[in-house]
$ cat upload_8.cif   # mmCIF, C-alpha atoms and all ligand atoms
data_start
loop_
_atom_site.label_atom_id
_atom_site.label_comp_id
_atom_site.auth_asym_id
_atom_site.auth_seq_id
_atom_site.Cartn_x
_atom_site.Cartn_y
_atom_site.Cartn_z
CA MET A 1 13.50 83.45 93.43
CA SER A 2 10.76 80.77 93.45
CA ASP A 3 8.10 83.53 93.26
CA ARG A 4 9.32 84.50 89.82
CA PRO A 5 7.53 83.31 86.68
CA VAL A 6 8.47 80.50 84.35
CA GLY A 7 9.37 81.80 80.88
CA VAL A 8 7.95 79.96 77.87
CA PHE A 9 8.73 80.69 74.24
CA ASP A 10 7.96 79.40 70.78
CA SER A 11 8.21 80.71 67.24
CA GLY A 12 4.51 81.52 67.53
CA LEU A 13 1.33 80.03 68.93
CA GLY A 14 2.45 76.37 69.13
CA GLY A 15 3.93 76.71 72.60
CA ALA A 16 0.40 77.38 73.89
CA SER A 17 -0.17 73.62 73.57
CA VAL A 18 2.66 73.01 76.07
CA LEU A 19 1.71 75.88 78.35
CA ARG A 20 -1.85 74.52 78.46
CA GLU A 21 -0.47 71.29 79.98
CA ALA A 22 1.73 73.24 82.38
CA LEU A 23 -1.24 75.23 83.65
CA ILE A 24 -3.02 71.98 84.49
CA ARG A 25 -0.06 70.19 86.06
CA LEU A 26 1.67 73.17 87.67
CA PRO A 27 -1.13 75.60 88.60
CA PHE A 28 0.86 77.17 91.42
CA GLU A 29 3.32 78.73 89.02
CA ASN A 30 2.99 81.96 87.06
CA TYR A 31 4.09 82.17 83.42
CA VAL A 32 5.38 84.66 80.89
CA TYR A 33 4.95 83.58 77.27
CA TYR A 34 6.79 85.00 74.29
CA GLY A 35 5.66 84.09 70.78
CA ASP A 36 8.02 85.16 68.02
CA ASN A 37 5.09 85.43 65.60
CA GLY A 38 6.89 88.18 63.70
CA ASN A 39 9.42 85.59 62.54
CA VAL A 40 7.33 82.41 62.31
CA PRO A 41 7.91 79.85 60.82
CA TYR A 42 11.34 78.90 62.14
CA GLY A 43 11.21 75.54 60.39
CA ASP A 44 12.15 76.88 56.96
CA LYS A 45 15.15 78.86 58.26
CA SER A 46 18.83 77.97 58.65
CA GLU A 47 20.29 76.69 61.91
CA TYR A 48 22.15 80.00 62.29
CA GLU A 49 18.99 82.10 61.85
CA ILE A 50 16.95 79.92 64.22
CA THR A 51 19.69 80.10 66.85
CA LYS A 52 19.85 83.89 66.59
CA LEU A 53 16.06 84.22 66.94
CA ALA A 54 15.92 81.72 69.80
CA PHE A 55 18.49 83.78 71.71
CA GLU A 56 16.40 86.91 71.18
CA CYS A 57 13.38 85.09 72.65
CA ALA A 58 15.44 83.81 75.58
CA TYR A 59 16.86 87.24 76.40
CA PHE A 60 13.42 88.83 76.12
CA LEU A 61 12.21 86.44 78.84
CA ILE A 62 15.34 86.94 80.95
CA GLY A 63 14.42 90.65 80.85
CA LYS A 64 11.07 89.68 82.41
CA GLY A 65 12.87 88.10 85.37
CA VAL A 66 12.01 84.46 84.72
CA LYS A 67 13.48 81.78 87.00
CA THR A 68 13.41 78.91 84.50
CA MET A 69 12.96 78.74 80.73
CA LEU A 70 10.77 76.32 78.81
CA ILE A 71 11.57 76.24 75.09
CA ALA A 72 8.18 75.09 73.81
CA CYS A 73 9.47 74.66 70.27
CA ASN A 74 11.09 71.56 68.80
CA THR A 75 12.72 73.60 66.06
CA ALA A 76 14.38 76.14 68.37
CA THR A 77 15.48 73.27 70.61
CA SER A 78 17.04 71.40 67.68
CA ALA A 79 19.08 74.41 66.64
CA ALA A 80 19.91 76.24 69.82
CA ILE A 81 19.44 74.30 73.05
CA ARG A 82 23.10 73.59 73.67
CA ALA A 83 24.18 77.21 73.10
CA ILE A 84 21.31 78.59 75.17
CA ARG A 85 22.08 76.27 78.10
CA GLU A 86 25.71 77.33 77.96
CA LYS A 87 24.88 81.03 78.05
CA LEU A 88 22.00 81.22 80.54
CA ASP A 89 22.46 80.77 84.23
CA ILE A 90 18.90 79.55 84.85
CA PRO A 91 17.63 76.02 84.15
CA VAL A 92 16.34 75.46 80.61
CA VAL A 93 13.79 72.75 79.73
CA SER A 94 13.16 71.88 76.10
CA MET A 95 11.23 69.69 73.66
CA GLU A 96 12.10 66.68 71.59
CA PRO A 97 9.93 64.77 69.10
CA ALA A 98 8.30 61.93 71.04
CA ILE A 99 9.75 59.05 69.03
CA LYS A 100 10.89 57.29 72.23
CA PRO A 101 7.36 56.48 73.46
CA ALA A 102 6.27 55.72 69.89
CA CYS A 103 9.14 53.25 69.34
CA SER A 104 8.60 51.57 72.71
CA GLU A 105 5.11 50.43 71.65
CA PRO A 106 5.47 47.08 69.91
CA GLY A 107 4.13 46.80 66.37
CA ASP A 108 5.14 45.95 62.84
CA GLY A 109 3.83 49.15 61.25
CA LYS A 110 5.69 52.37 60.54
CA ILE A 111 5.98 55.44 62.73
CA LEU A 112 5.46 58.72 60.88
CA MET A 113 7.32 61.62 62.49
CA MET A 114 5.81 64.93 61.37
CA ALA A 115 7.88 68.01 62.16
CA THR A 116 9.39 71.09 60.58
CA ALA A 117 12.04 70.75 57.90
CA ALA A 118 14.68 72.09 60.30
CA THR A 119 13.82 69.64 63.08
CA THR A 120 13.98 66.62 60.78
CA ARG A 121 17.23 67.82 59.17
CA LEU A 122 19.26 68.85 62.21
CA SER A 123 21.66 66.51 63.96
CA ARG A 124 19.97 66.63 67.38
CA TYR A 125 16.90 64.78 66.13
CA GLN A 126 18.90 62.50 63.82
CA ALA A 127 21.07 61.47 66.80
CA LEU A 128 17.97 60.81 68.90
CA LYS A 129 16.53 58.63 66.15
CA ALA A 130 19.79 56.69 65.82
CA ARG A 131 19.46 55.73 69.51
CA MET A 132 16.06 54.07 68.95
CA PRO A 133 15.98 50.27 68.89
CA ASP A 134 14.63 50.22 65.33
CA PRO A 135 15.28 53.59 63.65
CA GLY A 136 14.24 52.16 60.28
CA ARG A 137 10.66 52.06 61.55
CA VAL A 138 10.57 55.86 61.81
CA ILE A 139 9.81 57.88 58.68
CA ASP A 140 10.60 61.59 58.88
CA ILE A 141 7.98 63.84 57.31
CA PRO A 142 8.95 67.50 57.01
CA CYS A 143 5.75 69.56 56.74
CA PRO A 144 6.45 73.03 55.33
CA GLY A 145 3.36 75.23 55.29
CA LEU A 146 1.53 73.54 58.15
CA VAL A 147 2.66 75.98 60.84
CA ASP A 148 1.83 78.97 58.61
CA ARG A 149 -1.76 77.82 58.25
CA ILE A 150 -2.17 77.03 61.96
CA GLU A 151 -0.89 80.54 62.74
CA THR A 152 -3.83 82.02 60.81
CA GLY A 153 -6.15 80.53 63.42
CA VAL A 154 -7.73 77.90 61.17
CA PHE A 155 -8.41 74.61 62.98
CA GLU A 156 -11.31 72.94 61.17
CA ASP A 157 -10.81 69.21 60.73
CA ASP A 158 -10.96 69.37 56.93
CA ALA A 159 -8.92 72.57 56.54
CA PHE A 160 -5.60 70.74 56.19
CA ASP A 161 -6.48 67.95 53.77
CA ASP A 162 -4.52 69.46 50.87
CA LEU A 163 -1.33 69.81 52.91
CA LEU A 164 -1.76 66.44 54.62
CA TYR A 165 -2.23 64.85 51.21
CA ARG A 166 1.02 66.45 50.05
CA PHE A 167 2.98 65.08 53.03
CA LEU A 168 1.27 61.76 53.71
CA SER A 169 -0.02 60.41 50.39
CA PRO A 170 3.16 58.34 49.74
CA TYR A 171 2.11 56.20 52.75
CA HIS A 172 -1.58 55.79 51.92
CA GLY A 173 -2.78 52.25 52.47
CA GLN A 174 0.20 51.33 54.65
CA LYS A 175 0.15 50.10 58.21
CA ILE A 176 1.03 53.02 60.46
CA ASP A 177 1.30 52.37 64.22
CA SER A 178 1.94 55.92 65.42
CA ILE A 179 2.12 59.46 64.17
CA VAL A 180 4.49 61.63 66.19
CA LEU A 181 3.56 65.30 66.38
CA GLY A 182 7.10 66.68 66.40
CA CYS A 183 6.07 70.32 66.36
CA THR A 184 4.11 71.97 69.14
CA HIS A 185 1.78 73.67 66.65
CA TYR A 186 0.52 70.33 65.30
CA VAL A 187 -1.06 69.39 68.63
CA PHE A 188 -3.80 71.91 67.81
CA ILE A 189 -4.77 69.99 64.67
CA LYS A 190 -4.75 66.52 66.22
CA ASN A 191 -8.35 65.99 65.12
CA ALA A 192 -7.58 66.92 61.51
CA ILE A 193 -4.61 64.52 61.47
CA SER A 194 -6.54 61.65 63.14
CA ARG A 195 -9.40 62.10 60.71
CA TYR A 196 -7.03 62.03 57.74
CA ALA A 197 -5.20 58.99 59.14
CA ALA A 198 -8.43 57.05 59.67
CA LEU A 199 -9.36 57.64 56.02
CA HIS A 200 -6.03 56.76 54.45
CA PHE A 201 -3.98 54.39 56.63
CA GLU A 202 -4.41 50.82 57.67
CA GLY A 203 -4.97 50.33 61.39
CA LYS A 204 -5.65 53.19 63.72
CA PRO A 205 -2.41 55.12 64.31
CA ARG A 206 -1.84 56.55 67.78
CA LEU A 207 -1.02 60.24 67.83
CA VAL A 208 1.88 60.95 70.17
CA ASP A 209 3.26 64.28 71.36
CA GLY A 210 5.92 65.23 73.89
CA ASN A 211 4.00 67.88 75.79
CA ALA A 212 3.09 65.97 78.95
CA ALA A 213 6.61 64.53 79.31
CA THR A 214 8.11 67.99 78.89
CA VAL A 215 5.89 69.44 81.59
CA ARG A 216 6.82 66.57 83.94
CA GLN A 217 10.46 67.41 83.24
CA LEU A 218 9.76 71.09 83.99
CA GLU A 219 8.28 70.05 87.34
CA ARG A 220 11.31 67.90 88.17
CA VAL A 221 13.70 70.71 87.26
CA LEU A 222 11.80 73.27 89.35
CA VAL A 223 11.70 70.96 92.37
CA SER A 224 15.31 69.80 92.14
CA ASN A 225 16.51 73.41 91.93
CA GLY A 226 14.30 74.52 94.83
CA LEU A 227 12.47 76.86 92.43
CA ASN A 228 8.92 75.52 92.65
CA ASN A 229 6.26 78.00 93.74
CA SER A 230 3.34 77.13 95.96
CA ALA A 231 1.62 80.50 95.86
CA GLY A 232 1.37 81.24 92.14
CA LYS A 233 -2.02 81.57 90.45
CA ALA A 234 -1.38 80.18 86.96
CA SER A 235 -1.26 83.74 85.65
CA VAL A 236 -0.08 84.12 82.06
CA ASP A 237 1.48 87.26 80.60
CA PHE A 238 1.54 87.13 76.81
CA PHE A 239 4.07 88.94 74.62
CA THR A 240 4.66 88.65 70.90
CA SER A 241 6.85 90.10 68.17
CA GLY A 242 3.78 89.92 65.89
CA ASP A 243 0.39 91.66 65.80
CA ALA A 244 -0.61 91.52 69.46
CA ASP A 245 -4.18 92.71 68.87
CA ARG A 246 -4.91 89.78 66.56
CA LEU A 247 -2.82 87.20 68.39
CA ARG A 248 -3.68 87.80 72.05
CA PRO A 249 -7.31 86.57 71.85
CA LEU A 250 -6.27 83.66 69.65
CA PHE A 251 -3.51 82.67 72.10
CA PHE A 252 -5.82 82.72 75.12
CA SER A 253 -8.52 80.80 73.26
CA LEU A 254 -5.90 78.12 72.44
CA LEU A 255 -4.96 77.84 76.12
CA ASN A 256 -8.56 76.92 76.86
CA ARG A 257 -9.00 74.58 73.91
CA ALA A 258 -9.65 70.97 74.91
N1 LIG B 301 6.21 75.11 67.28
C1 LIG B 301 7.45 75.03 66.55
C2 LIG B 301 8.04 73.61 66.72
O1 LIG B 301 7.71 72.96 67.64
C3 LIG B 301 7.16 75.48 65.17
C4 LIG B 301 8.31 75.75 64.33
C5 LIG B 301 8.16 76.77 63.21
O2 LIG B 301 8.00 77.94 63.52
O3 LIG B 301 8.31 76.38 62.05
O4 LIG B 301 8.81 73.12 65.98
#
$ encode --input "upload_8.cif" --output "structure tokens"
Amino acid sequence: MSDRPVGVFDSGLGGASVLREALIRLPFENYVYYGDNGNVPYGDKSEYEITKLAFECAYFLIGKGVKTMLIACNTATSAAIRAIREKLDIPVVSMEPAIKPACSEPGDGKILMMATAATTRLSRYQALKARMPDPGRVIDIPCPGLVDRIETGVFEDDAFDDLLYRFLSPYHGQKIDSIVLGCTHYVFIKNAISRYAALHFEGKPRLVDGNAATVRQLERVLVSNGLNNSAGKASVDFFTSGDADRLRPLFFSLLNRA
């Protein structure tokens, strides 16, 4: 069983930012990735639709014989993690917006939590926020349109200014301690967000994502279930519901992006 691959899925390319960390931390595993690019973005869909699509992704990977599943998508996690864990008989690791580490850093500024509309709306994230010591410090920023643009393969630092202005201009000039990247796609435009933040906010906000913590959790789950591999070669098989000829080179270039 431990020789089998780890399955990773996302609504599209965003999960590559998590897989990239996994390849560094867990290089003796092999991976199968499924991007549901044919249905991206999930963030504008209903909880029911997201759950249905997330199950299709999960069963696709089960069909590939995976030993453990990593849901590299905050949105799919928010909608479907409980149901997926109930149905699958393999361990499932998932994402959550990294507001915990952001809130544990002292400061008197705000924390901006950027994520999809579904993630910010659904009860899983709202319950997580309610458990923070000072939930009033966290401002939820749904960012419709951001994932769509990232999916086109645009990453230039100034290519997102119009959208960032739309989401962030109400907070211009304010003291912002951290910006939480609550969607795995956003990690690929960290530079664009930092640049925008430096121009428009007071202080120098830290950008926080949950990728490293999720990969540490994946490692713990593999070890505690006796599923960790010592002979894998960090191989990655890529599958997508979208245009594989366009997406495959983009996906592998993202895995190697610093
Ligand atoms: N990468 C997904 C997430 O983390 C993107 C969601 C979408 O497709 O809108 O939330």
$ residues_near_ligand --input "upload_8.cif" --ligand "ligand LIG 301 (chain B)" --cutoff "8 Å" --atoms "only C-alpha atoms and all ligand atoms" --output "ChimeraX atom specification"
/A:10-15,39-44,72-76,95,115-119,144,147-148,182-186
$ closest_residue --input "upload_8.cif" --among "A:Leu181, A:Val8, A:Val18, A:Ile193" --to "Pro101 in chain A" --atoms "only C-alpha atoms"
A:Leu181
$ closest_atom_pairs --input "upload_8.cif" --of "range 41-155 of chain A" --to "range 194-215 of chain A" --cutoff "12 Å" --atoms "only C-alpha atoms" --output "tab-separated table"
residue	atom	partner	partner_atom	distance
A:Met69	CA	A:Val215	CA	11.7
A:Leu70	CA	A:Thr214	CA	8.7
A:Ile71	CA	A:Thr214	CA	9.7
A:Ala72	CA	A:Asn211	CA	8.6
A:Cys73	CA	A:Asn211	CA	10.3
A:Asn74	CA	A:Gly210	CA	9.6
A:Val92	CA	A:Thr214	CA	11.2
A:Val93	CA	A:Thr214	CA	7.5
A:Ser94	CA	A:Thr214	CA	7.0
A:Met95	CA	A:Thr214	CA	6.3
A:Glu96	CA	A:Gly210	CA	6.8
A:Pro97	CA	A:Gly210	CA	6.3
A:Ala98	CA	A:Gly210	CA	5.0
A:Ile99	CA	A:Val208	CA	8.2
A:Lys100	CA	A:Gly210	CA	9.5
A:Pro101	CA	A:Val208	CA	7.8
A:Ala102	CA	A:Val208	CA	6.8
A:Cys103	CA	A:Val208	CA	10.6
A:Ser104	CA	A:Val208	CA	11.8
A:Glu105	CA	A:Arg206	CA	10.0
A:Gly107	CA	A:Pro205	CA	10.8
A:Asp108	CA	A:Gly203	CA	11.1
A:Gly109	CA	A:Gly203	CA	8.9
A:Lys110	CA	A:Pro205	CA	9.3
A:Ile111	CA	A:Pro205	CA	8.5
A:Leu112	CA	A:Pro205	CA	9.3
A:Met113	CA	A:Val208	CA	9.4
A:Met114	CA	A:Asp209	CA	10.3
A:Ala115	CA	A:Asp209	CA	10.9
$ atom_distance --input "upload_8.cif" --atom1 "CA of Gly145 in chain A" --atom2 "CA of Leu163 in chain A"
7.6 Å
$ residues_around --input "upload_8.cif" --residues "range 222-229 of chain A" --least-positions-apart "5" --cutoff "12 Å" --atoms "all atoms listed in the file" --output "ChimeraX atom specification"
/A:1-6,26-31,66-70,90-93,215-217,234
$ write_last_selection --input "upload_8.cif" --atoms "C-alpha atoms" --output "short mmCIF file (atom, residue, chain, number, x, y, z; two decimals), in the coordinates of the input"
data_model
loop_
_atom_site.label_atom_id
_atom_site.label_comp_id
_atom_site.auth_asym_id
_atom_site.auth_seq_id
_atom_site.Cartn_x
_atom_site.Cartn_y
_atom_site.Cartn_z
CA MET A 1 13.50 83.45 93.43
CA SER A 2 10.76 80.77 93.45
CA ASP A 3 8.10 83.53 93.26
CA ARG A 4 9.32 84.50 89.82
CA PRO A 5 7.53 83.31 86.68
CA VAL A 6 8.47 80.50 84.35
CA LEU A 26 1.67 73.17 87.67
CA PRO A 27 -1.13 75.60 88.60
CA PHE A 28 0.86 77.17 91.42
CA GLU A 29 3.32 78.73 89.02
CA ASN A 30 2.99 81.96 87.06
CA TYR A 31 4.09 82.17 83.42
CA VAL A 66 12.01 84.46 84.72
CA LYS A 67 13.48 81.78 87.00
CA THR A 68 13.41 78.91 84.50
CA MET A 69 12.96 78.74 80.73
CA LEU A 70 10.77 76.32 78.81
CA ILE A 90 18.90 79.55 84.85
CA PRO A 91 17.63 76.02 84.15
CA VAL A 92 16.34 75.46 80.61
CA VAL A 93 13.79 72.75 79.73
CA VAL A 215 5.89 69.44 81.59
CA ARG A 216 6.82 66.57 83.94
CA GLN A 217 10.46 67.41 83.24
CA ALA A 234 -1.38 80.18 86.96
#
$ axis_aligned_box --input "upload_8.cif" --around "range 215-224 of chain A" --padding-each-side "8 Å" --output "JSON"
{"center_x": 10.6, "center_y": 69.9, "center_z": 87.0, "size_x": 25.4, "size_y": 22.7, "size_z": 26.8}
$ closest_residue --input "upload_8.cif" --among "A:Ala16, A:Gly136, A:Phe9, A:Asp36" --to "Ala244 in chain A" --atoms "all atoms listed in the file"
A:Asp36
$ decode --input "upload_8.cif" --residues "range 104-118 of chain A" --atoms "N, CA, C and O atoms" --output "PDB file, in the first residue's frame"
ATOM      1  N   SER A 104      -1.916  34.745  15.465  1.00  0.00           N
ATOM      2  CA  SER A 104      -1.035  34.529  16.623  1.00  0.00           C
ATOM      3  C   SER A 104       0.128  35.521  16.638  1.00  0.00           C
ATOM      4  O   SER A 104       0.839  35.620  17.633  1.00  0.00           O
ATOM      5  N   GLU A 105       0.338  36.237  15.546  1.00  0.00           N
ATOM      6  CA  GLU A 105       1.359  37.303  15.546  1.00  0.00           C
ATOM      7  C   GLU A 105       0.758  38.556  16.184  1.00  0.00           C
ATOM      8  O   GLU A 105      -0.278  39.042  15.716  1.00  0.00           O
ATOM      9  N   PRO A 106       1.386  39.079  17.240  1.00  0.00           N
ATOM     10  CA  PRO A 106       0.807  40.262  17.856  1.00  0.00           C
ATOM     11  C   PRO A 106       0.842  41.462  16.900  1.00  0.00           C
ATOM     12  O   PRO A 106       1.680  41.509  16.002  1.00  0.00           O
ATOM     13  N   GLY A 107      -0.061  42.382  17.105  1.00  0.00           N
ATOM     14  CA  GLY A 107      -0.101  43.575  16.261  1.00  0.00           C
ATOM     15  C   GLY A 107      -1.427  44.276  16.455  1.00  0.00           C
ATOM     16  O   GLY A 107      -2.380  43.662  16.941  1.00  0.00           O
ATOM     17  N   ASP A 108      -1.472  45.556  16.082  1.00  0.00           N
ATOM     18  CA  ASP A 108      -2.738  46.274  16.226  1.00  0.00           C
ATOM     19  C   ASP A 108      -3.354  46.593  14.876  1.00  0.00           C
ATOM     20  O   ASP A 108      -4.350  47.303  14.775  1.00  0.00           O
ATOM     21  N   GLY A 109      -2.754  46.040  13.811  1.00  0.00           N
ATOM     22  CA  GLY A 109      -3.313  46.255  12.473  1.00  0.00           C
ATOM     23  C   GLY A 109      -4.311  45.165  12.123  1.00  0.00           C
ATOM     24  O   GLY A 109      -4.526  44.218  12.884  1.00  0.00           O
ATOM     25  N   LYS A 110      -4.911  45.295  10.956  1.00  0.00           N
ATOM     26  CA  LYS A 110      -5.897  44.320  10.490  1.00  0.00           C
ATOM     27  C   LYS A 110      -5.210  43.151   9.784  1.00  0.00           C
ATOM     28  O   LYS A 110      -4.060  43.255   9.339  1.00  0.00           O
ATOM     29  N   ILE A 111      -5.971  42.078   9.660  1.00  0.00           N
ATOM     30  CA  ILE A 111      -5.545  40.925   8.863  1.00  0.00           C
ATOM     31  C   ILE A 111      -6.529  40.797   7.712  1.00  0.00           C
ATOM     32  O   ILE A 111      -7.740  40.695   7.948  1.00  0.00           O
ATOM     33  N   LEU A 112      -6.026  40.879   6.495  1.00  0.00           N
ATOM     34  CA  LEU A 112      -6.918  40.737   5.329  1.00  0.00           C
ATOM     35  C   LEU A 112      -6.880  39.285   4.870  1.00  0.00           C
ATOM     36  O   LEU A 112      -5.802  38.749   4.591  1.00  0.00           O
ATOM     37  N   MET A 113      -8.029  38.651   4.807  1.00  0.00           N
ATOM     38  CA  MET A 113      -8.098  37.250   4.393  1.00  0.00           C
ATOM     39  C   MET A 113      -8.705  37.181   3.000  1.00  0.00           C
ATOM     40  O   MET A 113      -9.900  37.331   2.819  1.00  0.00           O
ATOM     41  N   MET A 114      -7.827  36.966   2.006  1.00  0.00           N
ATOM     42  CA  MET A 114      -8.274  36.895   0.609  1.00  0.00           C
ATOM     43  C   MET A 114      -8.578  35.438   0.263  1.00  0.00           C
ATOM     44  O   MET A 114      -7.754  34.554   0.502  1.00  0.00           O
ATOM     45  N   ALA A 115      -9.753  35.211  -0.285  1.00  0.00           N
ATOM     46  CA  ALA A 115     -10.135  33.839  -0.657  1.00  0.00           C
ATOM     47  C   ALA A 115     -11.272  33.914  -1.662  1.00  0.00           C
ATOM     48  O   ALA A 115     -11.700  35.004  -2.054  1.00  0.00           O
ATOM     49  N   THR A 116     -11.767  32.755  -2.062  1.00  0.00           N
ATOM     50  CA  THR A 116     -12.904  32.763  -2.991  1.00  0.00           C
ATOM     51  C   THR A 116     -14.174  33.144  -2.222  1.00  0.00           C
ATOM     52  O   THR A 116     -14.230  33.064  -0.991  1.00  0.00           O
ATOM     53  N   ALA A 117     -15.192  33.521  -2.998  1.00  0.00           N
ATOM     54  CA  ALA A 117     -16.463  33.903  -2.367  1.00  0.00           C
ATOM     55  C   ALA A 117     -17.032  32.732  -1.568  1.00  0.00           C
ATOM     56  O   ALA A 117     -17.559  32.913  -0.467  1.00  0.00           O
ATOM     57  N   ALA A 118     -16.907  31.519  -2.115  1.00  0.00           N
ATOM     58  CA  ALA A 118     -17.460  30.357  -1.402  1.00  0.00           C
ATOM     59  C   ALA A 118     -16.720  30.123  -0.084  1.00  0.00           C
ATOM     60  O   ALA A 118     -17.348  29.896   0.955  1.00  0.00           O
TER      61      ALA A 118
END
